[in-house]
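Engineer: Pasting a structure here, questions to come.
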Amino acid sequence: MPWPSPPRRKKTPLRAKQEVEKEQSELHDSKEDPRVFQRGRPEYKSLCYDRFKPLEPLPGEEAEAILLGVTSRGGNQSPATITECFHKLSRLPEEHRAALLAEPGFDTLSRCAVEQIQGFSTPQLIEILKACVRLGVPPAHSLLDACERDFCRRTWAMSLEQLLLVADCWRCLPRAVPSYLSILFSYAARSCKDLALPQLVQLLYIIGEGRRAPPELVQKLEGVIWKHLDACTLEEVGAISLGLFKSLSAVPERLVRRIAERVAPELEEMSTYALVNVLKLLRYARLDHLPLLRELGKVIPPRIPTTNVQGLMHVALACSSLHYYDEAVLAAVAAALPSKVAYCRSKDAAKFLWSFGCLDYEPPNEEEFYSSLIEHTRRKLREFDRFPEHLLTGLLGLAFVGRFPEELIDYALSEDFVQKTRNSKYELGKDLFTLGRSVEIECPGYRGSRLSPQLSQEMTQLVLAFAQQEIFVRPEIVEAVSLLESVLGGPEYVKSHMILPHARSSDLEVHLAADGRPVPFNVKDSAGRELRDIGVSLTDELMAQLLKGKCSTQPRRGAENEATAPGWEPRGEKQAPQTPFSGRSGPARTSLHISPPLGGFLDAPSSPALPQQPGGVKLAIQVSNRNHYCYLSKRLLGLHRLKRRQLRLLGYVVLELPFWEWFPLLKRTRSEKLSYLHYKVFDPALLRGAS
């Protein structure tokens with residue numbers, strides 16, 4: 001006879017209460033949370049419908065009497081009577097509403113309303129729509145079909161307040177009404193200048209919830225936002241930010257910056273939800289605002305334990321999208337996440353992994369942090385069949401920090417999953433390419449699925465075609481190639497190409513013999529051209545001037561990004577960094593392969609340890625720009641850390657022409673630039689290692 005299982009311990013009332021409270025704190029109501037701003041002013045009562053406002057409950061007996069009267073009278077009821085019946089029934093307690101909708105009498109009442117729909121006054125029809133919201137009438141109900149058609153018919157005879165109220169009711173139901181919204185937006189565009197503050201905020205809320213807006217309307221609203229912004233509450237500023245973010249419209253940078261300036265001094269008083277909405281807008285506009293970001297580092301960490309997991313995801317994602325590294329914020333998110341990971345959607349888990357990998361940050365609790373997210377991703381694996389972009393986002397974030405979970409990679413590179421990526425609305429081929437090639441280089445023991453040669457070849461050609469048009473032709477790269485040819489003796493000594501096409505950035509390859517002499521290898525590019533040997537004198541005075549000089553502080557807004565794909569979120573150049581280099585403290589870790597400690601060749605004249613290569617050294621020269629680094633720092637982003645790690649694994653010595661040195665030199669004399677390159681390539685430490 002088997003021993004009986006030990007009785008399960010009952011939860012104490014206190015523990016059960018704590019678990020319920022925690023679960024409630026993690027819940028995000030996507031319908032109600034964005035409506036918090038409506039509680040801040042009495043004017044919103046005429047613009048939106050509060051379905052939770054207490055009403056005098058209707059006794060069940062009276063509801064039965066109403067339905068019985070409707071059935072007995074049939075269609076012989078006036079619009080006023082029908083409206084009154086709907087209004088009274090909407091007061092029925094919530095627990096009885098589902099049963100009411102199944103009653104034949106309610107079907108009769110609804111049919112009467114449809115038959116007389118054009119006989120209702122606009123206020124009466126609005127009352128019926130409000131009753132449908134409170135009763136929870138299904139969005140596809142025939143009564144709502146009739147209401148939508150008639151509201152579209154009478155829109156131009158309604159006031160803006162009525163139009164906004166009806167739009168709010170459609171959102172509460174929820175029912176998609178693109179035709180109605182299109183008419184509303186046309187109406188609003190004609191009267192933009194006269195919008196009162198509550199009308200403006202409510203309109204932007206409706207725009208955001210509808211996920212669309214005519215570009216000309218958003219342009220007209222810009223001036224109205226400027227007009228009212230200082231008078232807005234912080235919750236209203238959050239609502240405006242969310243509406244602009246969800247509208248998917250081009251938002252002028254000056255407006256986003258003005259919003260950031262408005263809230264930065266009052267971040268402490270702002271709710272976390274409203275603050276996150278402002279961060280979404282900054283992320284969408286790819287706009288940094290240093291005072292706000294610095295204040296964020298003070299305000300957010302103490303709030304993180306009580307912030308729900310989706311809020312944490314948006315904080316981390318904003319930092320990574322803006323390339324803004326704040327260790328206090330990231331460490332606080334990492335510390336709180338393992339206990340909240342069960343509440344993550346598959347999308348949340350993926351974007352946490354992406355954000356931390358993008359910023360190349362491994363927190364103090366890195367093993368707990370990563371293991372909890374990887375395990376949660378395994379549990380959610382089938383959800384990624386619908387959203388394959390999220391799985392690739394998470395796996396790339398892991399690859400950036402040298403982590404390659406075999407089971408997940410095997411699934412992501414399988415033929416079935418690759419086929420699913422082809423059905424995505426995003427172009428995911430380049431992400432598969434980056435993941436697949438990274439696994440080949442960093443995980444020699446991996447035996448799972450691999451990317452097909454055909455897809456690898458297709459993506460290689462695609463990336464190289466882009467590089468020919470957008471990367472190799474950049475002035476800083478063209479100048480470096482030309483001058484290196486002069487320093488080394490000809491085009492056969494240097495090759496401008498992509499050693500690792502999946503890393504999506506360029507390399508200048510140079511080979512040196514063991515005695516330090518350049519080795520010709522680029523026969524294709526040098527055919528028909530004579531060798532030349534140009535020497536340049538290097539003076540201590542010149543190098544001291546070059547190495548101690550400061551970069552220009554004028555920001556450049558150019559297309560500096562090496563890669564564009566869903567989730568990669570490129571940005572324009574920022575101000576020249578003024579902070580000291582902050583690198584990794586140890587080797588990257590991986591579930592399949594432990595890569596060697598990460599060295600660096602970021603500040604001349606120091607050099608990395610050279611791999612043992614008989615016959616010489618292969619240099620992979622990186623002409624970096626600001627978008628390879630975290631904002632205002634010399635901390636490499638994850639993608640570029642991954643690239644340099646893999647170059648070293650393949651036997652290359654990574655040599656950088658850092659932008660804070662090279663870009664200012666572009667304005668100097670040819671002699672100075674040649675001297676600088678001569679010093680970098682023939683660094684005495686590098687030559688001693690080679691010999």
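Ligands are numbered from 1 in the order shown, residues from 1 within each chain, and chains are lettered A, B, ... in the order they appear in the structure tokens.
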Check range 132-222 of chain A with DSSP on the backbone and list each residue it calls alpha helix (DSSP H), as a ChimeraX atom specification.

Structural biologist: /A:132-135,142-154,160-172,178-190,197-210,215-222

Engineer: Taking 5 positions as the minimum chain separation for residues in the same chain, which residues sit within 9 Å of Leu100 in chain A when counting only C-alpha atoms? Answer as a PDB file with all heavy atoms, in the first residue's frame.

Structural biologist:
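selection-v2.pdb was written with the following content:
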```
ATOM      1  N   ALA A  63     -36.520  44.802 -13.745  1.00  0.00           N
ATOM      2  CA  ALA A  63     -35.956  44.472 -15.054  1.00  0.00           C
ATOM      3  C   ALA A  63     -36.865  43.492 -15.793  1.00  0.00           C
ATOM      4  O   ALA A  63     -37.102  43.633 -17.004  1.00  0.00           O
ATOM      5  CB  ALA A  63     -34.556  43.878 -14.887  1.00  0.00           C
ATOM      6  N   LEU A  89     -32.319  49.536 -17.668  1.00  0.00           N
ATOM      7  CA  LEU A  89     -31.676  48.221 -17.660  1.00  0.00           C
ATOM      8  C   LEU A  89     -30.173  48.315 -17.413  1.00  0.00           C
ATOM      9  O   LEU A  89     -29.559  47.391 -16.880  1.00  0.00           O
ATOM     10  CB  LEU A  89     -31.940  47.507 -18.990  1.00  0.00           C
ATOM     11  CG  LEU A  89     -33.384  47.061 -19.225  1.00  0.00           C
ATOM     12  CD1 LEU A  89     -33.563  46.525 -20.642  1.00  0.00           C
ATOM     13  CD2 LEU A  89     -33.806  45.994 -18.208  1.00  0.00           C
ATOM     14  N   LEU A  92     -28.830  47.598 -13.937  1.00  0.00           N
ATOM     15  CA  LEU A  92     -28.873  46.244 -13.394  1.00  0.00           C
ATOM     16  C   LEU A  92     -27.509  45.875 -12.830  1.00  0.00           C
ATOM     17  O   LEU A  92     -26.478  46.174 -13.440  1.00  0.00           O
ATOM     18  CB  LEU A  92     -29.268  45.265 -14.504  1.00  0.00           C
ATOM     19  CG  LEU A  92     -29.771  43.885 -14.083  1.00  0.00           C
ATOM     20  CD1 LEU A  92     -31.102  44.002 -13.352  1.00  0.00           C
ATOM     21  CD2 LEU A  92     -29.923  42.985 -15.314  1.00  0.00           C
ATOM     22  N   GLY A 105     -36.626  39.185 -24.473  1.00  0.00           N
ATOM     23  CA  GLY A 105     -37.120  40.555 -24.359  1.00  0.00           C
ATOM     24  C   GLY A 105     -36.060  41.585 -24.723  1.00  0.00           C
ATOM     25  O   GLY A 105     -36.379  42.640 -25.299  1.00  0.00           O
ATOM     26  N   PHE A 106     -34.802  41.297 -24.401  1.00  0.00           N
ATOM     27  CA  PHE A 106     -33.740  42.240 -24.762  1.00  0.00           C
ATOM     28  C   PHE A 106     -33.533  42.251 -26.274  1.00  0.00           C
ATOM     29  O   PHE A 106     -33.277  43.314 -26.870  1.00  0.00           O
ATOM     30  CB  PHE A 106     -32.435  41.869 -24.048  1.00  0.00           C
ATOM     31  CG  PHE A 106     -31.339  42.873 -24.256  1.00  0.00           C
ATOM     32  CD1 PHE A 106     -31.313  44.055 -23.532  1.00  0.00           C
ATOM     33  CD2 PHE A 106     -30.351  42.655 -25.209  1.00  0.00           C
ATOM     34  CE1 PHE A 106     -30.314  44.997 -23.743  1.00  0.00           C
ATOM     35  CE2 PHE A 106     -29.353  43.591 -25.425  1.00  0.00           C
ATOM     36  CZ  PHE A 106     -29.337  44.765 -24.695  1.00  0.00           C
ATOM     37  N   LEU A 135     -23.794  47.600 -20.081  1.00  0.00           N
ATOM     38  CA  LEU A 135     -24.331  46.238 -20.101  1.00  0.00           C
ATOM     39  C   LEU A 135     -23.352  45.239 -20.711  1.00  0.00           C
ATOM     40  O   LEU A 135     -23.542  44.035 -20.594  1.00  0.00           O
ATOM     41  CB  LEU A 135     -25.639  46.210 -20.901  1.00  0.00           C
ATOM     42  CG  LEU A 135     -26.840  46.894 -20.240  1.00  0.00           C
ATOM     43  CD1 LEU A 135     -28.001  46.999 -21.220  1.00  0.00           C
ATOM     44  CD2 LEU A 135     -27.270  46.144 -18.985  1.00  0.00           C
TER      45      LEU A 135
END
```

Engineer: Would you mind telling me which residue in A:Leu267, A:Val36, A:Leu58, A:Ala196 lies nearest to Gly297 in chain A when using only C-alpha atoms?

Structural biologist: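 With only C-alpha atoms as the atom set, the closest residue is A:Leu267.
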
Engineer: Please indicate the distance in Å from CA of Leu666 in chain A to CA of Asn625 in chain A, rounded to one decimal place.

Structural biologist: 13.1 Å

Engineer: So that I can see what lies close to Val224 in chain A, please list as a list in words the residues with an atom at most 9 Å from it, counting only C-alpha atoms and leaving out residues fewer than 4 positions away in the same chain.

Structural biologist: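 After dropping sequence-adjacent residues, the list is Cys192, Lys193, Asp194, Leu195, Ala196, Leu197, Leu200, Lys220, His228 and Leu229 of chain A.
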
Engineer: Taking the DSSP secondary structure from the backbone, can you list the residues of range 349-555 of chain A that are strand (DSSP E), as a list in words?

Structural biologist: Lys495, Ser496, His497, Asp507, Leu508, Glu509, Val510, His511 and Leu512 of chain A

Engineer: Using only C-alpha atoms, determine which residues lie at most 12 Å from Gln461 in chain A, disregarding the query and same-chain residues fewer than 2 positions distant; provide the list as a list of chain:residue names.

Structural biologist: A:Gly429, A:Lys430, A:Phe433, A:Gln454, A:Leu455, A:Ser456, A:Gln457, A:Glu458, A:Met459, A:Val463, A:Leu464, A:Ala465, A:Phe466, A:Ala467, A:Gln468, A:Met498, A:Pro501, A:His502, A:Arg504

Engineer: Atoms to include: all heavy atoms. Write the selected residues as a compact mmCIF listing (two decimals), in the first residue's frame.

Structural biologist:
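After the write, out-v8.txt holds the following:
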```txt
# COMPACT_ATOMS: atom_id res chain seq x y z
N GLY A 429 14.99 38.15 -41.96
CA GLY A 429 16.10 37.38 -42.51
C GLY A 429 17.45 37.80 -41.96
O GLY A 429 18.29 36.96 -41.64
N LYS A 430 17.67 39.11 -41.82
CA LYS A 430 18.97 39.57 -41.32
C LYS A 430 19.17 39.20 -39.86
O LYS A 430 20.30 38.94 -39.43
CB LYS A 430 19.09 41.08 -41.53
CG LYS A 430 19.31 41.47 -42.98
CD LYS A 430 19.59 42.95 -43.15
CE LYS A 430 18.34 43.79 -43.02
NZ LYS A 430 18.56 45.22 -43.35
N PHE A 433 20.17 35.64 -39.85
CA PHE A 433 21.54 35.59 -40.35
C PHE A 433 22.54 35.91 -39.24
O PHE A 433 23.54 35.20 -39.04
CB PHE A 433 21.66 36.58 -41.50
CG PHE A 433 23.00 36.63 -42.17
CD1 PHE A 433 23.70 35.47 -42.48
CD2 PHE A 433 23.57 37.85 -42.51
CE1 PHE A 433 24.93 35.53 -43.11
CE2 PHE A 433 24.80 37.92 -43.14
CZ PHE A 433 25.48 36.75 -43.44
N GLN A 454 21.46 28.69 -48.55
CA GLN A 454 20.78 29.60 -49.47
C GLN A 454 20.38 30.90 -48.77
O GLN A 454 20.60 32.00 -49.32
CB GLN A 454 19.53 28.92 -50.05
CG GLN A 454 19.82 27.73 -50.94
CD GLN A 454 20.04 26.45 -50.16
OE1 GLN A 454 20.00 26.43 -48.93
NE2 GLN A 454 20.28 25.36 -50.89
N LEU A 455 19.82 30.79 -47.56
CA LEU A 455 19.41 31.98 -46.84
C LEU A 455 20.63 32.80 -46.42
O LEU A 455 20.62 34.03 -46.49
CB LEU A 455 18.57 31.61 -45.61
CG LEU A 455 18.01 32.78 -44.79
CD1 LEU A 455 17.19 33.70 -45.67
CD2 LEU A 455 17.19 32.27 -43.61
N SER A 456 21.70 32.12 -46.00
CA SER A 456 22.93 32.83 -45.62
C SER A 456 23.49 33.61 -46.80
O SER A 456 23.89 34.77 -46.67
CB SER A 456 23.98 31.84 -45.11
OG SER A 456 23.57 31.26 -43.88
N GLN A 457 23.50 32.97 -47.97
CA GLN A 457 24.02 33.64 -49.16
C GLN A 457 23.14 34.82 -49.55
O GLN A 457 23.63 35.91 -49.90
CB GLN A 457 24.10 32.64 -50.32
CG GLN A 457 24.67 33.22 -51.60
CD GLN A 457 26.11 33.67 -51.45
OE1 GLN A 457 26.83 33.18 -50.58
NE2 GLN A 457 26.54 34.60 -52.29
N GLU A 458 21.83 34.62 -49.47
CA GLU A 458 20.89 35.70 -49.81
C GLU A 458 21.09 36.90 -48.89
O GLU A 458 21.11 38.05 -49.34
CB GLU A 458 19.46 35.16 -49.70
CG GLU A 458 18.39 36.20 -49.97
CD GLU A 458 16.99 35.65 -49.69
OE1 GLU A 458 16.82 34.41 -49.65
OE2 GLU A 458 16.07 36.47 -49.49
N MET A 459 21.22 36.65 -47.58
CA MET A 459 21.38 37.75 -46.63
C MET A 459 22.75 38.42 -46.78
O MET A 459 22.87 39.63 -46.63
CB MET A 459 21.21 37.22 -45.20
CG MET A 459 19.78 36.83 -44.84
SD MET A 459 18.63 38.23 -45.02
CE MET A 459 17.74 37.73 -46.50
N VAL A 463 23.11 42.37 -47.40
CA VAL A 463 23.87 43.25 -46.50
C VAL A 463 24.99 43.95 -47.26
O VAL A 463 25.23 45.15 -47.09
CB VAL A 463 24.43 42.45 -45.32
CG1 VAL A 463 25.42 43.28 -44.51
CG2 VAL A 463 23.30 41.97 -44.41
N LEU A 464 25.68 43.21 -48.12
CA LEU A 464 26.78 43.81 -48.86
C LEU A 464 26.29 44.86 -49.85
O LEU A 464 26.95 45.89 -50.07
CB LEU A 464 27.58 42.73 -49.58
CG LEU A 464 28.38 41.78 -48.68
CD1 LEU A 464 29.10 40.72 -49.51
CD2 LEU A 464 29.38 42.55 -47.84
N ALA A 465 25.14 44.62 -50.45
CA ALA A 465 24.58 45.62 -51.36
C ALA A 465 24.27 46.91 -50.62
O ALA A 465 24.52 48.02 -51.12
CB ALA A 465 23.32 45.06 -52.03
N PHE A 466 23.72 46.76 -49.42
CA PHE A 466 23.45 47.94 -48.59
C PHE A 466 24.75 48.65 -48.23
O PHE A 466 24.85 49.88 -48.28
CB PHE A 466 22.70 47.53 -47.33
CG PHE A 466 22.52 48.64 -46.33
CD1 PHE A 466 21.53 49.59 -46.49
CD2 PHE A 466 23.36 48.74 -45.23
CE1 PHE A 466 21.37 50.63 -45.58
CE2 PHE A 466 23.22 49.77 -44.31
CZ PHE A 466 22.21 50.71 -44.49
N ALA A 467 25.77 47.85 -47.87
CA ALA A 467 27.05 48.44 -47.46
C ALA A 467 27.69 49.22 -48.61
O ALA A 467 28.28 50.28 -48.39
CB ALA A 467 27.99 47.34 -46.97
N GLN A 468 27.59 48.68 -49.83
CA GLN A 468 28.18 49.38 -50.97
C GLN A 468 27.57 50.77 -51.16
O GLN A 468 28.26 51.72 -51.52
CB GLN A 468 27.96 48.55 -52.25
CG GLN A 468 28.74 47.25 -52.30
CD GLN A 468 30.22 47.46 -52.56
OE1 GLN A 468 30.65 48.58 -52.83
NE2 GLN A 468 31.00 46.39 -52.47
N MET A 498 33.40 43.80 -45.43
CA MET A 498 32.81 43.28 -44.20
C MET A 498 33.40 41.90 -43.95
O MET A 498 33.06 40.95 -44.66
CB MET A 498 31.28 43.19 -44.31
CG MET A 498 30.56 44.52 -44.24
SD MET A 498 28.77 44.24 -44.32
CE MET A 498 28.15 45.85 -43.82
N PRO A 501 29.79 39.83 -42.38
CA PRO A 501 28.60 40.53 -42.89
C PRO A 501 27.41 40.50 -41.92
O PRO A 501 26.62 41.45 -41.89
CB PRO A 501 28.27 39.78 -44.19
CG PRO A 501 29.57 39.18 -44.62
CD PRO A 501 30.29 38.84 -43.34
N HIS A 502 27.32 39.44 -41.12
CA HIS A 502 26.17 39.36 -40.20
C HIS A 502 26.25 40.39 -39.08
O HIS A 502 25.26 40.66 -38.41
CB HIS A 502 26.09 37.96 -39.59
CG HIS A 502 27.23 37.61 -38.69
ND1 HIS A 502 28.43 37.14 -39.17
CD2 HIS A 502 27.35 37.66 -37.34
CE1 HIS A 502 29.25 36.91 -38.15
NE2 HIS A 502 28.62 37.22 -37.03
N ARG A 504 27.04 43.52 -39.71
CA ARG A 504 26.45 44.69 -40.36
C ARG A 504 27.26 45.97 -40.24
O ARG A 504 26.71 47.05 -40.21
CB ARG A 504 25.03 44.93 -39.84
CG ARG A 504 24.19 43.67 -39.76
CD ARG A 504 22.77 43.97 -39.35
NE ARG A 504 22.10 42.77 -38.90
CZ ARG A 504 20.81 42.71 -38.59
NH1 ARG A 504 20.07 43.77 -38.70
NH2 ARG A 504 20.27 41.59 -38.17
```

Engineer: Using CA of Pro388 in chain A and CA of Tyr324 in chain A as the two end points, give the distance in Å to one decimal.

Structural biologist: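 Pair CA of Pro388 in chain A / CA of Tyr324 in chain A returns 26.8 Å.
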
Engineer: For Pro405 in chain A, which residue out of A:Phe369, A:Tyr446, A:Tyr273, A:Tyr426 is the nearest one, using only C-alpha atoms?

Structural biologist: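 For Pro405 in chain A, the nearest of the candidates is A:Tyr446.
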
Engineer: How many Å separate CA of Glu476 in chain A from CA of Lys634 in chain A?

Structural biologist: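 About the pair CA of Glu476 in chain A and CA of Lys634 in chain A: they are 18.7 Å apart.
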
Engineer: Rank A:Leu109, A:Ala328, A:Ile300, A:Ala102 by their smallest atom-to-atom distance to Gly69 in chain A, using only C-alpha atoms, and report the top residue only.

Structural biologist: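 Nearest to Gly69 in chain A: A:Leu109.
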
Engineer: I'd like a table as a tab-separated table: residues in range 378-399 of chain A with an atom no more than 12 Å from range 413-419 of chain A, each row giving the shortest atom pair and its distance in Å to one decimal, only C-alpha atoms counted, sorted by chain and rising residue number.

Structural biologist:
```
residue	atom	partner	partner_atom	distance
A:Leu381	CA	A:Phe417	CA	11.1
A:Arg382	CA	A:Phe417	CA	10.5
A:Glu383	CA	A:Phe417	CA	11.9
A:Phe384	CA	A:Phe417	CA	9.1
A:Asp385	CA	A:Phe417	CA	7.2
A:Arg386	CA	A:Phe417	CA	10.2
A:Phe387	CA	A:Phe417	CA	10.6
A:Pro388	CA	A:Phe417	CA	7.6
A:Glu389	CA	A:Phe417	CA	10.6
A:Leu391	CA	A:Phe417	CA	10.2
A:Leu392	CA	A:Leu413	CA	9.7
A:Leu395	CA	A:Leu413	CA	11.0
```

Engineer: Go ahead and write the residues just picked, all heavy atoms, as a CSV table (one decimal), in the first residue's frame.

Structural biologist:
```csv
chain,number,residue,atom,x,y,z
A,381,LEU,N,7.4,29.2,-25.4
A,381,LEU,CA,8.0,29.0,-26.8
A,381,LEU,C,6.9,29.0,-27.9
A,381,LEU,O,7.1,29.6,-28.9
A,381,LEU,CB,8.8,27.7,-26.8
A,381,LEU,CG,9.7,27.5,-28.0
A,381,LEU,CD1,10.7,28.7,-28.0
A,381,LEU,CD2,10.5,26.2,-27.8
A,382,ARG,N,5.8,28.3,-27.6
A,382,ARG,CA,4.8,28.2,-28.7
A,382,ARG,C,4.1,29.6,-29.0
A,382,ARG,O,3.5,29.7,-30.1
A,382,ARG,CB,3.7,27.2,-28.3
A,382,ARG,CG,4.3,25.8,-28.3
A,382,ARG,CD,4.8,25.4,-29.7
A,382,ARG,NE,5.6,24.2,-29.7
A,382,ARG,CZ,6.3,23.7,-30.7
A,382,ARG,NH1,6.2,24.4,-31.9
A,382,ARG,NH2,7.0,22.6,-30.7
A,383,GLU,N,4.2,30.5,-28.1
A,383,GLU,CA,3.6,31.8,-28.4
A,383,GLU,C,4.4,32.5,-29.5
A,383,GLU,O,3.9,33.4,-30.2
A,383,GLU,CB,3.6,32.7,-27.1
A,383,GLU,CG,2.6,32.2,-26.0
A,383,GLU,CD,2.6,33.2,-24.9
A,383,GLU,OE1,3.1,34.3,-25.0
A,383,GLU,OE2,2.1,32.8,-23.8
A,384,PHE,N,5.7,32.2,-29.6
A,384,PHE,CA,6.5,32.8,-30.6
A,384,PHE,C,6.2,32.4,-32.0
A,384,PHE,O,6.6,33.0,-33.0
A,384,PHE,CB,8.0,32.6,-30.3
A,384,PHE,CG,8.5,33.2,-29.0
A,384,PHE,CD1,8.8,32.4,-27.9
A,384,PHE,CD2,8.6,34.5,-28.9
A,384,PHE,CE1,9.2,33.0,-26.7
A,384,PHE,CE2,9.1,35.1,-27.7
A,384,PHE,CZ,9.4,34.3,-26.6
A,385,ASP,N,5.4,31.3,-32.2
A,385,ASP,CA,4.9,31.0,-33.5
A,385,ASP,C,4.1,32.1,-34.1
A,385,ASP,O,4.1,32.3,-35.3
A,385,ASP,CB,4.1,29.7,-33.4
A,385,ASP,CG,5.0,28.5,-33.1
A,385,ASP,OD1,6.2,28.6,-33.2
A,385,ASP,OD2,4.4,27.4,-32.8
A,386,ARG,N,3.4,32.8,-33.3
A,386,ARG,CA,2.6,33.9,-33.8
A,386,ARG,C,3.4,35.2,-33.9
A,386,ARG,O,3.1,36.0,-34.8
A,386,ARG,CB,1.4,34.2,-32.8
A,386,ARG,CG,0.3,33.1,-32.8
A,386,ARG,CD,-0.8,33.5,-31.8
A,386,ARG,NE,-1.4,34.7,-32.2
A,386,ARG,CZ,-2.0,35.5,-31.3
A,386,ARG,NH1,-2.0,35.2,-30.0
A,386,ARG,NH2,-2.5,36.7,-31.7
A,387,PHE,N,4.4,35.3,-33.1
A,387,PHE,CA,5.2,36.5,-33.1
A,387,PHE,C,6.7,36.1,-33.2
A,387,PHE,O,7.4,36.3,-32.2
A,387,PHE,CB,4.9,37.4,-31.9
A,387,PHE,CG,3.5,37.8,-31.7
A,387,PHE,CD1,2.7,37.1,-30.7
A,387,PHE,CD2,2.9,38.7,-32.5
A,387,PHE,CE1,1.4,37.4,-30.6
A,387,PHE,CE2,1.5,39.0,-32.3
A,387,PHE,CZ,0.8,38.4,-31.4
A,388,PRO,N,7.1,35.6,-34.3
A,388,PRO,CA,8.5,35.1,-34.4
A,388,PRO,C,9.6,36.2,-34.1
A,388,PRO,O,10.7,35.9,-33.7
A,388,PRO,CB,8.6,34.5,-35.8
A,388,PRO,CG,7.5,35.2,-36.6
A,388,PRO,CD,6.4,35.4,-35.6
A,389,GLU,N,9.2,37.4,-34.4
A,389,GLU,CA,10.2,38.5,-34.2
A,389,GLU,C,10.6,38.7,-32.8
A,389,GLU,O,11.8,39.0,-32.5
A,389,GLU,CB,9.6,39.9,-34.7
A,389,GLU,CG,8.4,40.4,-34.0
A,389,GLU,CD,7.1,39.9,-34.6
A,389,GLU,OE1,7.1,38.9,-35.4
A,389,GLU,OE2,6.0,40.4,-34.2
A,391,LEU,N,11.0,36.2,-30.5
A,391,LEU,CA,12.0,35.2,-30.2
A,391,LEU,C,13.4,35.6,-30.7
A,391,LEU,O,14.4,35.5,-30.0
A,391,LEU,CB,11.6,33.8,-30.7
A,391,LEU,CG,12.6,32.7,-30.4
A,391,LEU,CD1,12.8,32.5,-28.9
A,391,LEU,CD2,12.1,31.4,-31.0
A,392,LEU,N,13.4,36.1,-31.9
A,392,LEU,CA,14.7,36.5,-32.4
A,392,LEU,C,15.3,37.7,-31.7
A,392,LEU,O,16.5,37.8,-31.5
A,392,LEU,CB,14.6,36.8,-33.9
A,392,LEU,CG,14.2,35.6,-34.8
A,392,LEU,CD1,14.1,36.1,-36.3
A,392,LEU,CD2,15.3,34.5,-34.7
A,395,LEU,N,16.8,36.3,-28.5
A,395,LEU,CA,18.0,35.5,-28.7
A,395,LEU,C,19.2,36.3,-29.2
A,395,LEU,O,20.4,36.1,-28.8
A,395,LEU,CB,17.7,34.4,-29.8
A,395,LEU,CG,16.8,33.2,-29.3
A,395,LEU,CD1,16.6,32.3,-30.4
A,395,LEU,CD2,17.4,32.5,-28.1
```

Engineer: Considering only C-alpha atoms, return as a PyMOL selection string whatever protein or nucleic-acid residues lie within 8 Å of range 635-644 of chain A, sequence-local ones (same chain, fewer than 6 positions apart) excluded.

Structural biologist: chain A and resi 323+357-360+397+399-402+500+503+581-583+628-629+654

Engineer: Can you tell me, as a list in words, what residues are no more than 10 Å from range 290-292 of chain A when counting only C-alpha atoms, ignoring any on the same chain fewer than 6 positions away?

Structural biologist: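 So, after excluding close chain neighbours, the residues are Ala260, Glu261, Arg262, Val263, Ala264, Pro265, Glu266, Leu267, Leu279, Tyr324, Tyr631 and Leu632 of chain A.
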
Engineer: Could you check the closest approach to Phe37 in chain A for each of A:Leu234, A:Val256, A:Cys319, A:Leu647 and tell me which residue wins, using only C-alpha atoms?

Structural biologist: A:Leu234
